[in-house]
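Novice: I'd like to ask you about the structure that follows.
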Amino acid sequence: MKLKDKVAVITGGGRGIGRAYALGFAKEGAKVVIAEIVLENAQAVAAEIEDEGGAAIAVKTDVSKEKDTREMARLAIEKFGGIDILVNNAAIYYGIGMKPFHVISEEEWDRMMAVNVKGGWMCTKAVVPQMQSQGSGKIINVASGTFFAGLPMMLHYVTSKGAAIAMTRALARELGAFGINVNCISPGFTMSEASKDMPGIPPGFTEQLVSMQCIKRPEQPNDLVGTAVFLASDKSDWITGQTLEVDGGFILW
Ligand SMILES: NC(=O)c1ccc[n+]([C@@H]2O[C@H](COP(=O)([O-])OP(=O)(O)OC[C@H]3O[C@@H](n4cnc5c(N)ncnc54)[C@H](O)[C@@H]3O)[C@@H](O)[C@H]2O)c1
């Protein structure tokens, strides 16, 4: 087991890719804190983990609210005695659709930044004191291939995912001296519920993206789990500040 007895906080772990991280981390022996705005979803995932003999708690958390993120960290420590891993997976993605930049409202823009950008910062701020006291920690941010591709028609989302990469690089420099690694996963277009139901996607969009990948099949949430486990484990102790494209070879450098 690669994460035996590690305590992992996974934000947005109630469905989709976050759920896959939560289940995958639990299989590797981690005790999982599912910090999620939709509490019922988090509870369902925690119950799945417990049914398999693992340990998990569900915590209702809006990552854009400092009070919530502090409580998330407090409960993780109270229940499991520490925090070793944070996966900043929560984001506004479901339902955003595709539309020109000038049609995005100020409210949509502000909420996107509050959750996708400020949220990652808030959660990091909440867990870092504990990681510092332990002398180690792994923080995994989540970007998106849309940033590297410069995908049009989702400007607020793509901008927020660029910020996840910026935060990864600058925080890796600030936190390395405390034994804390900060890395980032950049998924390709992944067949979560949110992608499958995305409004405004042109016909043939998935097929077109798959044709541009080296590996010719649609990406699934479980395709991301191995990389996340690696970045959360001691096997990646000498890697920090990096963004890994986990996308079947869609973005190549
Ligand atoms: N699916 C894809 O194609 C794809 C591609 C690249 C990156 N990503 C990223 O991967 C992550 C997961 O994507 P997904 O497809 O599972 O999307 P999703 O929208 O289904 O999952 C997001 C999760 O975050 C939760 N959430 C939303 N706002 C929150 C808040 N304020 N506080 C706490 N939780 C909140 C949601 O309830 C949900 O459980 C996101 O960061 C997304 O941007 C997804």
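Each chain in the structure tokens gets a letter, A, B, ..., in the order shown, and its residues are numbered from 1; ligands are numbered from 1 in order too.
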Fewer than 5 positions away in the same chain doesn't count, so skip those; otherwise give me all residues within 7 Å of Ile49 (chain A), counting only C-alpha atoms, as a list in words.

Specialist: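 After dropping sequence-adjacent residues, the list is Leu23, Ala26, Gly54, Ala55 and Ala56 of chain A.
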
Novice: Can you tell me which residues surround Lys79 (chain A) at a distance of at most 12 Å, considering only C-alpha atoms, apart from same-chain residues fewer than 3 positions away, and format the answer as a PyMOL selection string?

Specialist: chain A and resi 7-9+31-33+55-59+71-76+82-83

Novice: Any chance you could export the current selection's all heavy atoms as a compact mmCIF listing (two decimals), in the first residue's frame?

Specialist:
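Just written: out_22.txt:
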# COMPACT_ATOMS: atom_id res chain seq x y z
N VAL A 7 -3.03 10.66 5.86
CA VAL A 7 -4.32 11.34 5.90
C VAL A 7 -4.41 12.26 4.69
O VAL A 7 -3.55 13.14 4.50
CB VAL A 7 -4.48 12.15 7.21
CG1 VAL A 7 -5.82 12.87 7.22
CG2 VAL A 7 -4.33 11.23 8.41
N ALA A 8 -5.40 12.03 3.86
CA ALA A 8 -5.54 12.78 2.60
C ALA A 8 -6.84 13.57 2.59
O ALA A 8 -7.92 13.00 2.77
CB ALA A 8 -5.52 11.81 1.42
N VAL A 9 -6.74 14.87 2.40
CA VAL A 9 -7.92 15.71 2.22
C VAL A 9 -8.14 15.86 0.72
O VAL A 9 -7.23 16.31 0.00
CB VAL A 9 -7.72 17.10 2.87
CG1 VAL A 9 -8.92 17.99 2.58
CG2 VAL A 9 -7.48 16.97 4.36
N LYS A 31 -6.34 7.39 4.91
CA LYS A 31 -7.57 7.80 5.58
C LYS A 31 -8.01 9.08 4.87
O LYS A 31 -7.22 10.02 4.74
CB LYS A 31 -7.30 8.09 7.05
CG LYS A 31 -6.79 6.85 7.78
CD LYS A 31 -6.24 7.24 9.14
CE LYS A 31 -5.58 6.04 9.79
NZ LYS A 31 -4.81 6.39 10.97
N VAL A 32 -9.25 9.09 4.41
CA VAL A 32 -9.65 10.13 3.46
C VAL A 32 -10.67 11.09 4.06
O VAL A 32 -11.67 10.67 4.65
CB VAL A 32 -10.24 9.48 2.18
CG1 VAL A 32 -10.63 10.54 1.17
CG2 VAL A 32 -9.22 8.52 1.54
N VAL A 33 -10.40 12.37 3.87
CA VAL A 33 -11.34 13.43 4.26
C VAL A 33 -11.92 13.98 2.97
O VAL A 33 -11.20 14.55 2.14
CB VAL A 33 -10.61 14.54 5.04
CG1 VAL A 33 -11.57 15.68 5.37
CG2 VAL A 33 -9.95 13.98 6.29
N ALA A 55 -11.12 4.00 5.87
CA ALA A 55 -11.52 5.04 6.82
C ALA A 55 -11.74 6.35 6.06
O ALA A 55 -10.88 6.75 5.26
CB ALA A 55 -10.44 5.23 7.87
N ALA A 56 -12.88 6.99 6.30
CA ALA A 56 -13.16 8.25 5.60
C ALA A 56 -14.17 9.06 6.40
O ALA A 56 -14.99 8.51 7.12
CB ALA A 56 -13.74 7.96 4.21
N ILE A 57 -14.08 10.40 6.24
CA ILE A 57 -15.15 11.26 6.75
C ILE A 57 -15.56 12.22 5.65
O ILE A 57 -14.76 12.56 4.77
CB ILE A 57 -14.76 12.07 8.02
CG1 ILE A 57 -13.47 12.89 7.80
CG2 ILE A 57 -14.64 11.16 9.22
CD1 ILE A 57 -13.21 13.92 8.90
N ALA A 58 -16.82 12.62 5.73
CA ALA A 58 -17.35 13.63 4.81
C ALA A 58 -17.48 14.94 5.57
O ALA A 58 -18.01 14.96 6.67
CB ALA A 58 -18.72 13.18 4.30
N VAL A 59 -16.98 16.01 4.98
CA VAL A 59 -17.05 17.32 5.63
C VAL A 59 -17.66 18.32 4.65
O VAL A 59 -17.12 18.49 3.55
CB VAL A 59 -15.64 17.81 6.05
CG1 VAL A 59 -15.75 19.16 6.74
CG2 VAL A 59 -14.94 16.81 6.93
N GLU A 71 -12.30 24.71 9.26
CA GLU A 71 -13.04 23.63 9.93
C GLU A 71 -12.68 22.27 9.31
O GLU A 71 -12.55 21.26 9.99
CB GLU A 71 -14.55 23.92 9.81
CG GLU A 71 -15.47 22.94 10.50
CD GLU A 71 -15.29 22.86 12.03
OE1 GLU A 71 -14.46 23.58 12.61
OE2 GLU A 71 -15.97 22.00 12.62
N MET A 72 -12.52 22.27 7.96
CA MET A 72 -12.10 21.06 7.25
C MET A 72 -10.77 20.54 7.83
O MET A 72 -10.63 19.36 8.14
CB MET A 72 -11.94 21.43 5.76
CG MET A 72 -11.22 20.46 4.88
SD MET A 72 -10.76 21.27 3.30
CE MET A 72 -9.13 21.91 3.72
N ALA A 73 -9.81 21.44 8.01
CA ALA A 73 -8.50 21.03 8.54
C ALA A 73 -8.64 20.59 10.00
O ALA A 73 -8.06 19.57 10.41
CB ALA A 73 -7.51 22.18 8.41
N ARG A 74 -9.43 21.32 10.75
CA ARG A 74 -9.59 20.99 12.18
C ARG A 74 -10.18 19.58 12.33
O ARG A 74 -9.71 18.77 13.13
CB ARG A 74 -10.49 22.03 12.85
CG ARG A 74 -10.47 21.97 14.37
CD ARG A 74 -11.55 22.83 15.00
NE ARG A 74 -12.90 22.33 14.78
CZ ARG A 74 -13.44 21.27 15.38
NH1 ARG A 74 -12.75 20.59 16.26
NH2 ARG A 74 -14.69 20.89 15.09
N LEU A 75 -11.21 19.30 11.55
CA LEU A 75 -11.87 17.99 11.66
C LEU A 75 -10.94 16.86 11.20
O LEU A 75 -10.96 15.78 11.77
CB LEU A 75 -13.17 17.97 10.83
CG LEU A 75 -14.32 18.77 11.45
CD1 LEU A 75 -15.47 18.91 10.46
CD2 LEU A 75 -14.81 18.10 12.74
N ALA A 76 -10.16 17.13 10.16
CA ALA A 76 -9.21 16.11 9.69
C ALA A 76 -8.23 15.75 10.80
O ALA A 76 -7.95 14.57 11.06
CB ALA A 76 -8.45 16.62 8.46
N GLY A 82 -3.74 14.18 11.89
CA GLY A 82 -2.76 14.92 11.10
C GLY A 82 -3.29 15.15 9.69
O GLY A 82 -4.42 14.77 9.38
N ILE A 83 -2.47 15.77 8.86
CA ILE A 83 -2.81 15.92 7.44
C ILE A 83 -1.52 15.74 6.64
O ILE A 83 -0.55 16.49 6.84
CB ILE A 83 -3.41 17.31 7.11
CG1 ILE A 83 -4.68 17.57 7.95
CG2 ILE A 83 -3.75 17.41 5.60
CD1 ILE A 83 -5.24 18.98 7.79

Novice: Do you know which residues are at most 7 Å from region 65-70 of chain A counting only C-alpha atoms, after dropping those on the same chain fewer than 5 positions away, and could you put them as a PyMOL selection string?

Specialist: chain A and resi 122-123+126

Novice: Considering only C-alpha atoms, state which residue in the set A:Glu48, A:Gly97, A:Thr61, A:Ala30 is at the smallest distance from Pro199 (chain A).

Specialist: A:Gly97

Novice: Need to verify the contact set: Ala42 (chain A), 7 Å, only C-alpha atoms, exclusion of same-chain residues closer than 5 positions in sequence. Can you return it as an NGL selection string?

Specialist: :A and (13-14 or 34 or 36 or 58)

Novice: Could you save those same residues with N, CA, C and O atoms as a short mmCIF file (atom, residue, chain, number, x, y, z; two decimals), in the first residue's frame?

Specialist:
data_model
loop_
_atom_site.label_atom_id
_atom_site.label_comp_id
_atom_site.auth_asym_id
_atom_site.auth_seq_id
_atom_site.Cartn_x
_atom_site.Cartn_y
_atom_site.Cartn_z
N GLY A 13 -14.53 15.79 -3.57
CA GLY A 13 -14.41 14.34 -3.71
C GLY A 13 -15.75 13.61 -3.78
O GLY A 13 -15.79 12.39 -3.73
N GLY A 14 -16.83 14.34 -3.92
CA GLY A 14 -18.14 13.72 -3.89
C GLY A 14 -18.60 13.08 -5.19
O GLY A 14 -19.54 12.29 -5.21
N ILE A 34 -13.22 13.79 2.79
CA ILE A 34 -13.86 14.26 1.55
C ILE A 34 -14.51 15.61 1.87
O ILE A 34 -15.52 15.67 2.57
N GLU A 36 -16.41 18.68 0.60
CA GLU A 36 -17.27 18.79 -0.57
C GLU A 36 -18.45 19.71 -0.26
O GLU A 36 -19.01 19.66 0.83
N ALA A 58 -16.82 12.62 5.73
CA ALA A 58 -17.35 13.63 4.81
C ALA A 58 -17.48 14.94 5.57
O ALA A 58 -18.01 14.96 6.67
#

Novice: Suppose you want the space between CA of Ile215 (chain A) and CA of Ser186 (chain A); what is it in Å?

Specialist: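 Between CA of Ile215 (chain A) and CA of Ser186 (chain A) the gap works out to 16.2 Å.
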
Novice: Can I get the residues close to ligand 1 as number ranges by chain, where close means within 7 Å and we count only C-alpha atoms and all ligand atoms?

Specialist: A: 11-18, 35-38, 61-64, 89-94, 115, 142-145, 186-195

Novice: Quick one: distance from CA of Phe147 (chain A) to CA of Lys161 (chain A) in Å, one decimal?

Specialist: 6.2 Å
